[in-house]
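Undergrad: For reference, the file my_file04.cif (mmCIF, C-alpha atoms) is included below:
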```
data_coords
#
loop_
_atom_site.label_atom_id
_atom_site.label_comp_id
_atom_site.auth_asym_id
_atom_site.auth_seq_id
_atom_site.Cartn_x
_atom_site.Cartn_y
_atom_site.Cartn_z
CA MET L 8 0.00 0.00 0.00
CA ALA L 9 1.21 3.46 -0.71
CA TRP L 10 2.74 5.34 2.17
CA ASN L 11 0.55 8.42 1.58
CA THR L 12 -2.74 6.57 1.54
CA PRO L 13 -5.31 8.08 3.96
CA GLY L 14 -6.13 5.94 6.92
CA SER L 15 -2.80 4.25 6.98
CA ASP L 16 -1.03 3.80 10.27
CA ASN L 17 1.90 6.18 9.70
CA SER L 18 1.16 8.53 12.67
CA GLY L 19 1.26 11.51 10.42
CA ASP L 20 4.78 10.74 9.09
CA ASN L 21 4.79 11.29 5.39
CA ARG L 22 8.36 9.99 4.93
CA PRO L 23 8.72 6.60 3.34
CA SER L 24 9.79 3.87 5.60
CA ARG L 25 13.53 3.00 5.27
CA GLN L 26 14.05 -0.61 4.72
CA ARG L 27 16.93 -1.81 6.94
CA LYS L 28 19.46 -4.20 5.58
CA PRO L 29 21.05 -6.89 7.63
CA PRO L 30 24.49 -5.99 8.97
CA GLY L 31 27.24 -6.98 6.55
CA ARG L 32 30.94 -7.33 6.65
CA GLY L 33 34.04 -5.73 4.98
CA LEU L 34 33.88 -2.43 3.15
CA ASP L 35 30.13 -2.15 3.35
CA SER L 36 30.20 -2.27 7.12
CA LEU L 37 32.89 0.41 7.28
CA ILE L 38 30.94 2.66 4.98
CA ASP L 39 27.85 2.10 7.04
CA SER L 40 29.69 3.04 10.24
CA VAL L 41 31.00 6.25 8.67
CA ARG L 42 27.52 7.09 7.44
CA GLY L 43 26.25 6.51 10.94
CA LEU L 44 28.90 8.83 12.36
CA PHE L 45 28.10 11.70 10.04
CA GLY L 46 24.46 10.94 9.49
CA GLY L 47 21.64 13.26 10.43
CA GLY L 48 22.81 16.24 8.31
CA GLY L 49 22.90 19.80 9.57
CA ALA L 50 25.73 21.78 11.18
CA GLY L 51 26.87 18.90 13.37
CA SER L 52 27.76 16.73 10.41
CA ILE L 53 29.77 19.54 8.78
CA LEU L 54 31.75 20.11 11.94
CA ARG L 55 32.49 16.45 12.13
CA TRP L 56 33.84 16.44 8.57
CA VAL L 57 35.97 19.52 9.29
CA GLY L 58 37.42 17.87 12.37
CA VAL L 59 38.33 14.75 10.44
CA LEU L 60 40.02 16.76 7.73
CA VAL L 61 41.98 18.77 10.29
CA ALA L 62 43.08 15.60 12.04
CA LEU L 63 44.24 14.08 8.78
CA TRP L 64 46.09 17.25 7.84
CA LEU L 65 47.82 17.36 11.21
CA ALA L 66 48.77 13.70 10.98
CA PHE L 67 50.36 14.11 7.57
CA ASN L 68 51.92 17.51 8.33
CA CYS L 69 53.51 16.54 11.65
CA PHE L 70 54.95 13.26 10.39
CA VAL L 71 58.27 13.42 8.49
CA LEU L 72 60.12 10.48 6.95
CA VAL L 73 63.82 11.07 6.16
CA THR L 74 65.50 8.55 3.88
CA GLU L 75 68.99 7.13 4.35
CA GLN L 76 70.61 9.51 1.85
CA GLU L 77 68.85 12.62 3.16
CA ARG L 78 69.12 14.95 6.10
CA GLY L 79 66.23 17.16 7.21
CA VAL L 80 66.70 20.70 8.49
CA VAL L 81 63.80 21.79 10.72
CA LEU L 82 62.90 25.47 10.51
CA ARG L 83 60.89 26.95 13.36
CA PHE L 84 59.38 30.24 12.25
CA GLY L 85 62.08 30.44 9.56
CA THR L 86 65.02 29.81 11.91
CA SER L 87 67.09 26.62 11.86
CA SER L 88 66.17 24.52 14.85
CA ARG L 89 67.62 21.04 14.42
CA VAL L 90 68.74 18.44 11.87
CA LEU L 91 66.76 15.25 11.39
CA GLN L 92 68.67 12.04 10.80
CA PRO L 93 67.35 9.19 8.62
CA GLY L 94 64.11 7.69 9.92
CA PRO L 95 60.56 8.77 10.90
CA HIS L 96 60.17 11.99 12.89
CA PHE L 97 57.46 14.27 14.19
CA LYS L 98 57.42 18.04 14.15
CA LEU L 99 55.09 20.85 14.92
CA PRO L 100 52.63 21.61 12.16
CA TRP L 101 53.10 24.30 9.59
CA PRO L 102 53.52 27.25 9.85
CA ILE L 103 55.23 26.67 13.17
CA GLU L 104 57.84 24.25 11.81
CA SER L 105 58.86 23.17 8.32
CA VAL L 106 61.46 20.74 7.00
CA GLN L 107 63.91 21.15 4.10
CA LYS L 108 65.62 17.98 2.96
CA VAL L 109 69.06 17.80 1.35
CA ASN L 110 70.99 14.85 -0.07
CA ALA L 111 74.01 14.66 2.23
CA THR L 112 75.58 11.44 0.94
CA GLN L 113 75.60 12.06 -2.82
CA SER L 114 79.05 12.87 -4.20
CA LYS L 115 79.12 15.64 -6.79
CA ALA L 116 81.89 16.50 -9.26
CA TYR L 117 83.27 19.67 -10.78
CA SER L 118 85.77 19.79 -13.69
CA GLU L 119 87.26 22.71 -15.59
CA ASN L 120 90.37 23.83 -17.48
CA VAL L 121 91.89 26.94 -15.93
CA PRO L 122 94.61 29.10 -17.60
CA VAL L 123 97.31 29.80 -15.00
CA LEU L 124 100.51 31.85 -15.07
CA THR L 125 103.51 30.17 -13.40
CA ARG L 126 106.20 31.84 -11.35
CA ASP L 127 108.67 31.89 -14.25
CA GLY L 128 106.20 33.60 -16.59
CA ASN L 129 104.80 30.62 -18.55
CA MET L 130 101.12 30.18 -19.34
CA VAL L 131 99.64 26.69 -18.88
CA ASN L 132 96.14 25.23 -18.94
CA VAL L 133 95.54 23.15 -15.81
CA GLU L 134 92.66 20.69 -15.57
CA ILE L 135 90.83 20.59 -12.22
CA ASN L 136 88.75 17.64 -11.02
CA VAL L 137 86.97 18.15 -7.68
CA GLN L 138 84.61 15.72 -5.95
CA TYR L 139 82.65 17.02 -2.99
CA ARG L 140 79.58 16.37 -0.85
CA ILE L 141 77.45 18.17 1.73
CA GLU L 142 78.91 17.93 5.22
CA SER L 143 76.74 20.43 7.09
CA PRO L 144 73.15 20.71 5.76
CA THR L 145 72.46 23.84 7.82
CA GLN L 146 75.47 25.72 6.44
CA TYR L 147 74.74 24.43 2.96
CA LEU L 148 71.24 25.94 3.08
CA PHE L 149 71.88 29.13 5.02
CA GLY L 150 75.66 29.64 5.37
CA SER L 151 76.30 31.22 1.96
CA ARG L 152 74.40 31.98 -1.21
CA GLU L 153 74.99 29.45 -4.00
CA PRO L 154 77.63 27.34 -2.21
CA GLU L 155 78.46 25.29 -5.32
CA GLU L 156 79.34 28.44 -7.25
CA VAL L 157 81.46 29.51 -4.28
CA LEU L 158 83.26 26.13 -4.49
CA LYS L 159 84.07 26.68 -8.19
CA GLN L 160 85.48 30.14 -7.58
CA ALA L 161 87.46 28.95 -4.54
CA ALA L 162 88.91 25.99 -6.50
CA GLN L 163 90.14 28.27 -9.32
CA SER L 164 91.60 30.70 -6.80
CA ALA L 165 93.46 27.93 -4.93
CA VAL L 166 94.90 26.51 -8.17
CA ARG L 167 96.09 29.94 -9.36
CA GLU L 168 97.62 30.70 -5.97
CA GLN L 169 99.62 27.49 -5.64
CA ILE L 170 100.73 27.20 -9.28
CA GLY L 171 101.65 30.88 -9.33
CA ARG L 172 104.24 30.04 -6.67
CA SER L 173 105.77 27.17 -8.70
CA ASP L 174 107.85 27.05 -11.85
CA LEU L 175 106.93 25.34 -15.10
CA ASP L 176 108.95 22.16 -14.49
CA THR L 177 107.13 21.53 -11.21
CA VAL L 178 103.71 22.09 -12.81
CA LEU L 179 104.45 19.72 -15.68
CA GLY L 180 106.29 16.95 -13.86
CA ALA L 181 105.67 17.09 -10.10
CA ARG L 182 102.01 17.93 -9.47
CA SER L 183 101.47 15.57 -6.53
CA VAL L 184 102.70 18.12 -4.00
CA LEU L 185 100.71 20.87 -5.73
CA THR L 186 97.57 18.72 -5.59
CA THR L 187 97.87 18.32 -1.82
CA GLN L 188 98.45 22.04 -1.33
CA VAL L 189 95.49 23.01 -3.56
CA ARG L 190 93.17 20.61 -1.70
CA GLN L 191 94.15 21.99 1.70
CA ARG L 192 93.74 25.58 0.49
CA LEU L 193 90.33 24.84 -1.06
CA GLN L 194 89.01 23.09 2.06
CA SER L 195 90.16 25.99 4.21
CA SER L 196 88.34 28.46 1.90
CA LEU L 197 85.12 26.43 1.97
CA LYS L 198 85.24 26.39 5.76
CA ASP L 199 85.81 30.16 5.94
CA TYR L 200 82.92 30.84 3.54
CA GLU L 201 80.61 28.49 5.55
CA THR L 202 79.44 26.58 2.48
CA GLY L 203 78.84 23.33 4.35
CA LEU L 204 80.73 21.41 1.63
CA THR L 205 83.70 19.10 2.06
CA VAL L 206 86.19 18.05 -0.61
CA THR L 207 86.48 14.27 -0.88
CA GLU L 208 88.99 14.20 -3.74
CA LEU L 209 90.91 16.70 -5.87
CA ASN L 210 93.16 15.97 -8.84
CA LEU L 211 95.20 17.95 -11.35
CA PRO L 212 95.43 15.27 -14.06
CA ASN L 213 96.72 17.38 -16.92
CA ALA L 214 98.75 20.52 -17.50
CA ARG L 215 99.65 21.72 -20.97
CA PRO L 216 100.45 25.01 -22.69
CA PRO L 217 97.73 26.89 -24.57
CA ASP L 218 97.24 25.95 -28.21
CA GLU L 219 98.29 29.43 -29.35
CA VAL L 220 101.81 29.04 -27.93
CA LYS L 221 102.20 25.28 -28.21
CA ASP L 222 104.85 25.46 -30.98
CA ALA L 223 106.94 28.00 -29.09
CA PHE L 224 106.55 25.98 -25.92
CA ASP L 225 107.73 22.80 -27.66
CA GLU L 226 110.73 24.67 -29.05
CA ALA L 227 111.58 25.94 -25.58
CA GLN L 228 111.27 22.42 -24.21
CA ARG L 229 113.66 21.10 -26.86
CA ALA L 230 116.10 23.90 -26.06
CA ASN L 231 115.93 22.98 -22.37
CA ALA L 232 116.53 19.33 -23.26
CA ASP L 233 119.58 20.28 -25.37
CA LYS L 234 120.82 22.43 -22.52
CA SER L 235 120.50 19.54 -20.08
CA THR L 236 122.32 17.24 -22.51
CA ALA L 237 125.19 19.71 -22.94
CA ILE L 238 125.45 20.18 -19.18
CA ASN L 239 125.57 16.43 -18.60
CA GLU L 240 128.26 15.96 -21.25
CA ALA L 241 130.33 18.78 -19.79
CA GLN L 242 130.02 17.33 -16.30
CA ALA L 243 131.05 13.90 -17.59
CA TYR L 244 134.08 15.39 -19.34
CA ALA L 245 134.97 17.33 -16.21
CA LYS L 246 134.75 14.19 -14.12
CA LYS L 247 137.13 12.50 -16.57
CA ILE L 248 139.68 15.26 -17.14
CA VAL L 249 139.87 16.78 -13.67
CA PRO L 250 141.30 13.65 -11.99
CA GLU L 251 143.88 13.33 -14.77
CA ALA L 252 144.89 16.97 -14.37
CA ARG L 253 145.11 16.56 -10.63
CA GLY L 254 147.29 13.46 -11.10
CA ASP L 255 149.62 15.33 -13.48
CA ALA L 256 149.78 18.25 -11.09
CA GLN L 257 150.62 15.93 -8.21
CA ARG L 258 153.29 14.20 -10.29
CA ILE L 259 154.87 17.51 -11.30
CA ARG L 260 154.71 18.72 -7.72
CA THR L 261 156.36 15.53 -6.48
CA THR L 262 159.10 15.77 -9.12
CA ALA L 263 159.74 19.39 -8.21
CA GLU L 264 159.92 18.53 -4.55
CA GLY L 265 162.42 15.75 -5.29
CA TYR L 266 164.51 18.04 -7.47
CA LYS L 267 164.40 20.69 -4.79
CA THR L 268 165.51 18.21 -2.17
CA SER L 269 168.36 16.90 -4.33
CA VAL L 270 169.57 20.38 -5.27
CA VAL L 271 169.45 21.56 -1.68
CA ALA L 272 171.25 18.44 -0.51
CA ARG L 273 173.92 18.82 -3.24
CA ALA L 274 174.36 22.48 -2.40
CA GLN L 275 174.67 21.70 1.26
CA GLY L 276 177.20 18.96 0.45
CA ASP L 277 179.21 21.33 -1.76
CA ALA L 278 179.12 23.95 0.97
CA ALA L 279 180.32 21.42 3.54
CA ARG L 280 183.05 20.21 1.13
CA PHE L 281 184.15 23.77 0.47
CA SER L 282 184.29 24.42 4.20
CA LEU L 283 186.50 21.36 4.62
CA LEU L 284 188.71 22.50 1.70
CA VAL L 285 189.07 25.89 3.32
CA GLU L 286 190.28 24.25 6.49
CA GLN L 287 192.71 22.08 4.51
CA TYR L 288 193.85 25.04 2.44
CA LYS L 289 194.66 26.99 5.55
CA GLY L 290 196.80 24.11 6.79
CA ALA L 291 198.58 23.27 3.45
CA PRO L 292 197.88 25.82 0.71
CA GLU L 293 200.33 24.43 -1.88
CA VAL L 294 199.20 20.83 -1.60
CA THR L 295 195.53 21.76 -1.62
CA ARG L 296 195.92 23.99 -4.65
CA LYS L 297 197.77 21.32 -6.59
CA ARG L 298 195.19 18.70 -5.64
CA LEU L 299 192.39 20.90 -6.90
CA TRP L 300 194.20 21.45 -10.16
CA LEU L 301 194.72 17.72 -10.70
CA ASP L 302 191.08 17.01 -9.97
CA ALA L 303 190.01 19.62 -12.52
CA VAL L 304 192.33 18.22 -15.20
CA GLN L 305 191.16 14.69 -14.50
CA GLU L 306 187.52 15.70 -14.88
CA VAL L 307 188.21 17.47 -18.17
CA LEU L 308 190.27 14.63 -19.65
CA SER L 309 187.78 12.01 -18.55
CA ASN L 310 185.17 13.53 -20.84
CA ASN L 311 187.41 13.72 -23.96
CA ARG L 312 188.79 11.24 -26.47
CA LYS L 313 192.10 9.70 -25.34
CA ILE L 314 195.00 8.97 -27.75
CA VAL L 315 198.10 7.27 -26.46
CA GLY L 316 201.24 7.10 -28.58
CA GLY L 317 204.60 5.32 -28.19
CA ASP L 318 208.04 4.99 -29.78
CA SER L 319 206.72 2.63 -32.47
CA ARG L 320 204.23 5.30 -33.51
CA GLN L 321 201.26 3.04 -32.75
CA ILE L 322 198.00 4.80 -31.87
CA LEU L 323 195.65 3.34 -29.28
CA GLN L 324 192.14 4.78 -29.27
CA ILE L 325 190.36 4.49 -25.92
CA PRO L 326 186.54 4.66 -26.15
CA LEU L 327 184.81 7.44 -24.30
CA THR L 328 182.44 6.96 -21.40
CA ASP L 329 179.69 9.21 -20.21
CA ARG L 330 179.47 10.52 -16.69
CA GLY L 331 177.70 7.37 -15.57
CA GLY L 332 180.57 5.18 -16.83
CA VAL L 333 178.63 3.77 -19.82
CA PRO L 334 180.85 3.34 -22.96
CA VAL L 335 179.97 5.67 -25.79
CA THR L 336 180.70 4.57 -29.37
CA PRO L 337 181.87 7.52 -31.44
CA GLY L 338 179.92 8.22 -34.59
CA PRO L 339 181.38 8.21 -38.10
CA VAL L 340 183.88 10.96 -38.79
CA SER L 341 183.90 12.52 -42.26
CA VAL L 342 187.37 14.07 -41.85
CA PRO L 343 190.21 11.76 -40.86
CA LEU L 344 191.84 12.61 -37.59
CA ALA L 345 195.28 14.13 -37.83
CA GLN L 346 197.99 12.02 -36.30
CA PRO L 347 199.47 13.86 -33.39
CA GLU L 348 203.15 14.62 -33.48
CA LEU L 349 205.07 12.57 -30.92
CA LEU L 350 208.01 14.02 -29.11
CA PRO L 351 211.26 12.00 -29.19
CA SER L 352 211.97 10.09 -26.11
CA VAL L 353 214.57 11.65 -23.85
CA THR L 354 217.10 9.62 -22.03
CA ALA L 355 217.92 10.96 -18.66
CA THR L 356 221.70 11.44 -18.36
CA ASP L 357 223.80 13.33 -15.96
CA SER L 358 224.46 16.10 -18.44
CA SER L 359 220.85 16.40 -19.46
CA ARG L 360 219.76 16.44 -15.88
CA SER L 361 221.93 19.42 -15.31
CA SER L 362 220.86 21.27 -18.51
CA ILE L 363 217.15 20.29 -18.87
CA PRO L 364 214.95 20.59 -15.89
CA TYR L 365 212.73 17.71 -14.88
CA SER L 366 209.22 18.15 -16.25
CA GLY L 367 207.50 15.01 -14.99
CA ARG L 368 205.24 17.03 -12.70
CA PRO L 369 203.28 19.97 -14.09
CA GLU L 370 204.25 23.44 -13.18
CA ARG L 371 202.28 24.93 -10.35
CA PRO L 372 199.92 27.60 -11.57
CA LYS L 373 200.68 31.07 -10.43
CA THR L 374 198.57 32.68 -7.80
CA ARG L 375 196.91 36.00 -8.18
CA ASP L 376 199.54 37.73 -6.06
CA GLU L 377 202.36 36.34 -8.23
CA VAL L 378 200.63 37.45 -11.39
CA MET L 379 200.21 40.95 -9.97
CA ARG L 380 203.88 41.07 -9.11
#
```
Translate this structure into structure tokens?
TA:
Amino acid sequence: MAWNTPGSDNSGDNRPSRQRKPPGRGLDSLIDSVRGLFGGGGAGSILRWVGVLVALWLAFNCFVLVTEQERGVVLRFGTSSRVLQPGPHFKLPWPIESVQKVNATQSKAYSENVPVLTRDGNMVNVEINVQYRIESPTQYLFGSREPEEVLKQAAQSAVREQIGRSDLDTVLGARSVLTTQVRQRLQSSLKDYETGLTVTELNLPNARPPDEVKDAFDEAQRANADKSTAINEAQAYAKKIVPEARGDAQRIRTTAEGYKTSVVARAQGDAARFSLLVEQYKGAPEVTRKRLWLDAVQEVLSNNRKIVGGDSRQILQIPLTDRGGVPVTPGPVSVPLAQPELLPSVTATDSSRSSIPYSGRPERPKTRDEVMR
């Protein structure tokens, strides 16, 4: 029967009767419970929906999940409050607190070729490879503006500073020390600028002259190589010739010292002999004078050719000897030697003894006083 039929037992209620369903399970039961919570309409149901939405918003806004690679910086009214480590966290709702997440474990790289002037006035292009990561999330976000750009400028400045203090040979062949110095200088600059970055690795893998001056640079390198070769050859020659010269000098010095010693000793011996002769001359002047004369004649005749003749006019040639007593063979003579004239032998008689004086002993030479007289 229709619900609006007169005489029906509806007690004046014109609404159709709601047919109740048996209680179910699963999603239908949940939906039914929610409908029961917010059923009835009016202002009460709206407030209930607003409360649920606010609760959901608070639940999602106050819950923060930080992954393993991230770090969360909590800002309370725009000021850094704390740093959240990996894991779930709760915070005050916005706008009281907010969270900014940064990747603190990711390693970033920066590479660039920088033209640098060395201490000795040469221009080289140096390649820079820098690997870095975020060490302090708070400083990275609020310590300086554009910290990565600050890192690039600081890296170029550190390279120019250290290479500007080194010569070209060090830059081209010994960059390990320069790499350590550049890394320390760059890390110090990043700390002073409060970038929150840390350098994990820095390399200077390549250094070469600019393309515009490459030919001149290669020519200068060849000239330096030729210079080094010439220096090495000169040093090798010096090492060879200097010991020989020192040996010759030592030999000459030793010979001179020996000659000096022999001359001094001979002079001292002659002086001592002369002193002895003076003493003997004072005791027997005539005998000493005659002895000296005989010694002089003997020395002269000992160095000359000797010819001995006799009554039978036979000539006996005695070979000469040098001062050391070694026989000397005379060389060929183009002109025959003249035969010396021999004096006739004299027989000593009584009459001749009285008329011819005896000449067996040579006449004593006259002294200076006798000549003056």
Undergrad: Closest to Asp218 (chain L) among L:Thr112, L:Val307, L:Val106, L:Val131, using all atoms listed in the file?
TA: L:Val131
Undergrad: Grab all the atoms of region 80-84 of chain L that the file lists, wrap them in a box along x, y and z, add 5 Å per side, and give me centre plus edge lengths in Å (one decimal) as JSON.
TA:
```
{"center_x": 63.0, "center_y": 25.5, "center_z": 10.9, "size_x": 17.3, "size_y": 19.5, "size_z": 14.9}
```
Undergrad: Hey, what's within 12 Å of region 209-214 of chain L if we count only C-alpha atoms and toss same-chain stuff fewer than 4 positions away? As a CSV table (one decimal) with C-alpha atoms, keeping the file's coordinate frame, please?
TA:
```csv
chain,number,residue,atom,x,y,z
L,115,LYS,CA,79.1,15.6,-6.8
L,116,ALA,CA,81.9,16.5,-9.3
L,117,TYR,CA,83.3,19.7,-10.8
L,118,SER,CA,85.8,19.8,-13.7
L,119,GLU,CA,87.3,22.7,-15.6
L,120,ASN,CA,90.4,23.8,-17.5
L,121,VAL,CA,91.9,26.9,-15.9
L,122,PRO,CA,94.6,29.1,-17.6
L,123,VAL,CA,97.3,29.8,-15.0
L,124,LEU,CA,100.5,31.8,-15.1
L,125,THR,CA,103.5,30.2,-13.4
L,129,ASN,CA,104.8,30.6,-18.6
L,130,MET,CA,101.1,30.2,-19.3
L,131,VAL,CA,99.6,26.7,-18.9
L,132,ASN,CA,96.1,25.2,-18.9
L,133,VAL,CA,95.5,23.2,-15.8
L,134,GLU,CA,92.7,20.7,-15.6
L,135,ILE,CA,90.8,20.6,-12.2
L,136,ASN,CA,88.8,17.6,-11.0
L,137,VAL,CA,87.0,18.2,-7.7
L,138,GLN,CA,84.6,15.7,-6.0
L,139,TYR,CA,82.6,17.0,-3.0
L,162,ALA,CA,88.9,26.0,-6.5
L,163,GLN,CA,90.1,28.3,-9.3
L,165,ALA,CA,93.5,27.9,-4.9
L,166,VAL,CA,94.9,26.5,-8.2
L,169,GLN,CA,99.6,27.5,-5.6
L,170,ILE,CA,100.7,27.2,-9.3
L,175,LEU,CA,106.9,25.3,-15.1
L,176,ASP,CA,109.0,22.2,-14.5
L,177,THR,CA,107.1,21.5,-11.2
L,178,VAL,CA,103.7,22.1,-12.8
L,179,LEU,CA,104.4,19.7,-15.7
L,180,GLY,CA,106.3,17.0,-13.9
L,181,ALA,CA,105.7,17.1,-10.1
L,182,ARG,CA,102.0,17.9,-9.5
L,183,SER,CA,101.5,15.6,-6.5
L,184,VAL,CA,102.7,18.1,-4.0
L,185,LEU,CA,100.7,20.9,-5.7
L,186,THR,CA,97.6,18.7,-5.6
L,187,THR,CA,97.9,18.3,-1.8
L,188,GLN,CA,98.4,22.0,-1.3
L,189,VAL,CA,95.5,23.0,-3.6
L,190,ARG,CA,93.2,20.6,-1.7
L,191,GLN,CA,94.2,22.0,1.7
L,192,ARG,CA,93.7,25.6,0.5
L,193,LEU,CA,90.3,24.8,-1.1
L,194,GLN,CA,89.0,23.1,2.1
L,205,THR,CA,83.7,19.1,2.1
```
Undergrad: Could you state the separation of CA of Glu155 (chain L) and CA of Glu77 (chain L) in Å, given to one decimal place?
TA: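 These two atoms are separated by 18.0 Å.
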Undergrad: So, counting all atoms listed in the file, which residue among L:Arg273, L:Lys297, L:Arg126, L:Arg258 is closest to Glu168 (chain L)?
TA: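 Once distances to Glu168 (chain L) are computed over all atoms listed in the file, the minimum belongs to L:Arg126.
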Undergrad: Please identify all polymer residues lying at most 9 Å from the point (68.6, 16.8, 6.3) (file coordinates), using all atoms listed in the file, and present the result as a PyMOL selection string.
TA: chain L and resi 73+76-81+90-93+106-111+143-145
Undergrad: Would you mind telling me which residue in L:Ser114, L:Cys69, L:Pro217, L:Gly128 lies nearest to Arg172 (chain L) when using all atoms listed in the file?
TA: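 When distances to Arg172 (chain L) are compared using all atoms listed in the file, the smallest one comes from L:Gly128.
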Undergrad: Counting all atoms listed in the file, figure out which residue out of L:Asp174, L:Val304, L:Ala62, L:Phe70 gets nearest to Asp127 (chain L).
TA: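 With all atoms listed in the file as the atom set, the closest residue is L:Asp174.
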Undergrad: Rounded to one decimal place, report the CA of Tyr288 (chain L)-CA of Ala274 (chain L) distance in Å.
TA: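 Going from CA of Tyr288 (chain L) over to CA of Ala274 (chain L) covers 20.2 Å.
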Undergrad: Interatomic distance between CA of Val206 (chain L) and CA of Thr86 (chain L)?
TA: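 Between these atoms lies a distance of 27.3 Å.
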Undergrad: Measuring between only C-alpha atoms, which one of L:Gly265, L:Pro154, L:Pro100, L:Gly290 shows the shortest distance to Asn68 (chain L)?
TA: L:Pro100
Undergrad: Given only C-alpha atoms as the basis, pick out the residue of L:Gln257, L:Thr295, L:Asn231, L:Gln113 nearest to Thr207 (chain L).
TA: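 Among the listed residues, L:Gln113 lies closest to Thr207 (chain L).
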Undergrad: Do you know which residues the PyMOL selection byres ((chain L and resi 146) around 10) returns on this file, as a list in words?
TA: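 Checked against the file, the PyMOL selection byres ((chain L and resi 146) around 10) matches Ile141, Glu142, Ser143, Pro144, Thr145, Tyr147, Leu148, Phe149, Gly150, Ser151, Arg152, Pro154, Lys198, Tyr200, Glu201, Thr202, Gly203 and Leu204 of chain L.
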Undergrad: For region 84-122 of chain L in the structure I just supplied, write out C-alpha atoms - as a PDB file, in the first residue's frame.
TA:
```pdb
ATOM      1  CA  PHE L  84      59.382  30.240  12.246  1.00  0.00           C
ATOM      2  CA  GLY L  85      62.085  30.442   9.562  1.00  0.00           C
ATOM      3  CA  THR L  86      65.019  29.811  11.910  1.00  0.00           C
ATOM      4  CA  SER L  87      67.092  26.624  11.858  1.00  0.00           C
ATOM      5  CA  SER L  88      66.166  24.515  14.852  1.00  0.00           C
ATOM      6  CA  ARG L  89      67.618  21.039  14.421  1.00  0.00           C
ATOM      7  CA  VAL L  90      68.738  18.442  11.870  1.00  0.00           C
ATOM      8  CA  LEU L  91      66.758  15.251  11.385  1.00  0.00           C
ATOM      9  CA  GLN L  92      68.670  12.041  10.798  1.00  0.00           C
ATOM     10  CA  PRO L  93      67.347   9.195   8.617  1.00  0.00           C
ATOM     11  CA  GLY L  94      64.112   7.688   9.916  1.00  0.00           C
ATOM     12  CA  PRO L  95      60.564   8.768  10.899  1.00  0.00           C
ATOM     13  CA  HIS L  96      60.169  11.987  12.891  1.00  0.00           C
ATOM     14  CA  PHE L  97      57.457  14.270  14.195  1.00  0.00           C
ATOM     15  CA  LYS L  98      57.424  18.042  14.150  1.00  0.00           C
ATOM     16  CA  LEU L  99      55.088  20.849  14.919  1.00  0.00           C
ATOM     17  CA  PRO L 100      52.634  21.612  12.155  1.00  0.00           C
ATOM     18  CA  TRP L 101      53.102  24.302   9.592  1.00  0.00           C
ATOM     19  CA  PRO L 102      53.519  27.253   9.846  1.00  0.00           C
ATOM     20  CA  ILE L 103      55.226  26.673  13.169  1.00  0.00           C
ATOM     21  CA  GLU L 104      57.838  24.249  11.812  1.00  0.00           C
ATOM     22  CA  SER L 105      58.857  23.174   8.318  1.00  0.00           C
ATOM     23  CA  VAL L 106      61.461  20.743   7.000  1.00  0.00           C
ATOM     24  CA  GLN L 107      63.908  21.149   4.101  1.00  0.00           C
ATOM     25  CA  LYS L 108      65.616  17.985   2.965  1.00  0.00           C
ATOM     26  CA  VAL L 109      69.062  17.805   1.352  1.00  0.00           C
ATOM     27  CA  ASN L 110      70.991  14.851  -0.073  1.00  0.00           C
ATOM     28  CA  ALA L 111      74.007  14.659   2.230  1.00  0.00           C
ATOM     29  CA  THR L 112      75.583  11.440   0.938  1.00  0.00           C
ATOM     30  CA  GLN L 113      75.596  12.060  -2.816  1.00  0.00           C
ATOM     31  CA  SER L 114      79.050  12.866  -4.203  1.00  0.00           C
ATOM     32  CA  LYS L 115      79.116  15.643  -6.792  1.00  0.00           C
ATOM     33  CA  ALA L 116      81.892  16.496  -9.264  1.00  0.00           C
ATOM     34  CA  TYR L 117      83.269  19.675 -10.778  1.00  0.00           C
ATOM     35  CA  SER L 118      85.765  19.792 -13.688  1.00  0.00           C
ATOM     36  CA  GLU L 119      87.257  22.709 -15.592  1.00  0.00           C
ATOM     37  CA  ASN L 120      90.368  23.835 -17.477  1.00  0.00           C
ATOM     38  CA  VAL L 121      91.893  26.940 -15.934  1.00  0.00           C
ATOM     39  CA  PRO L 122      94.611  29.097 -17.600  1.00  0.00           C
TER      40      PRO L 122
END
```
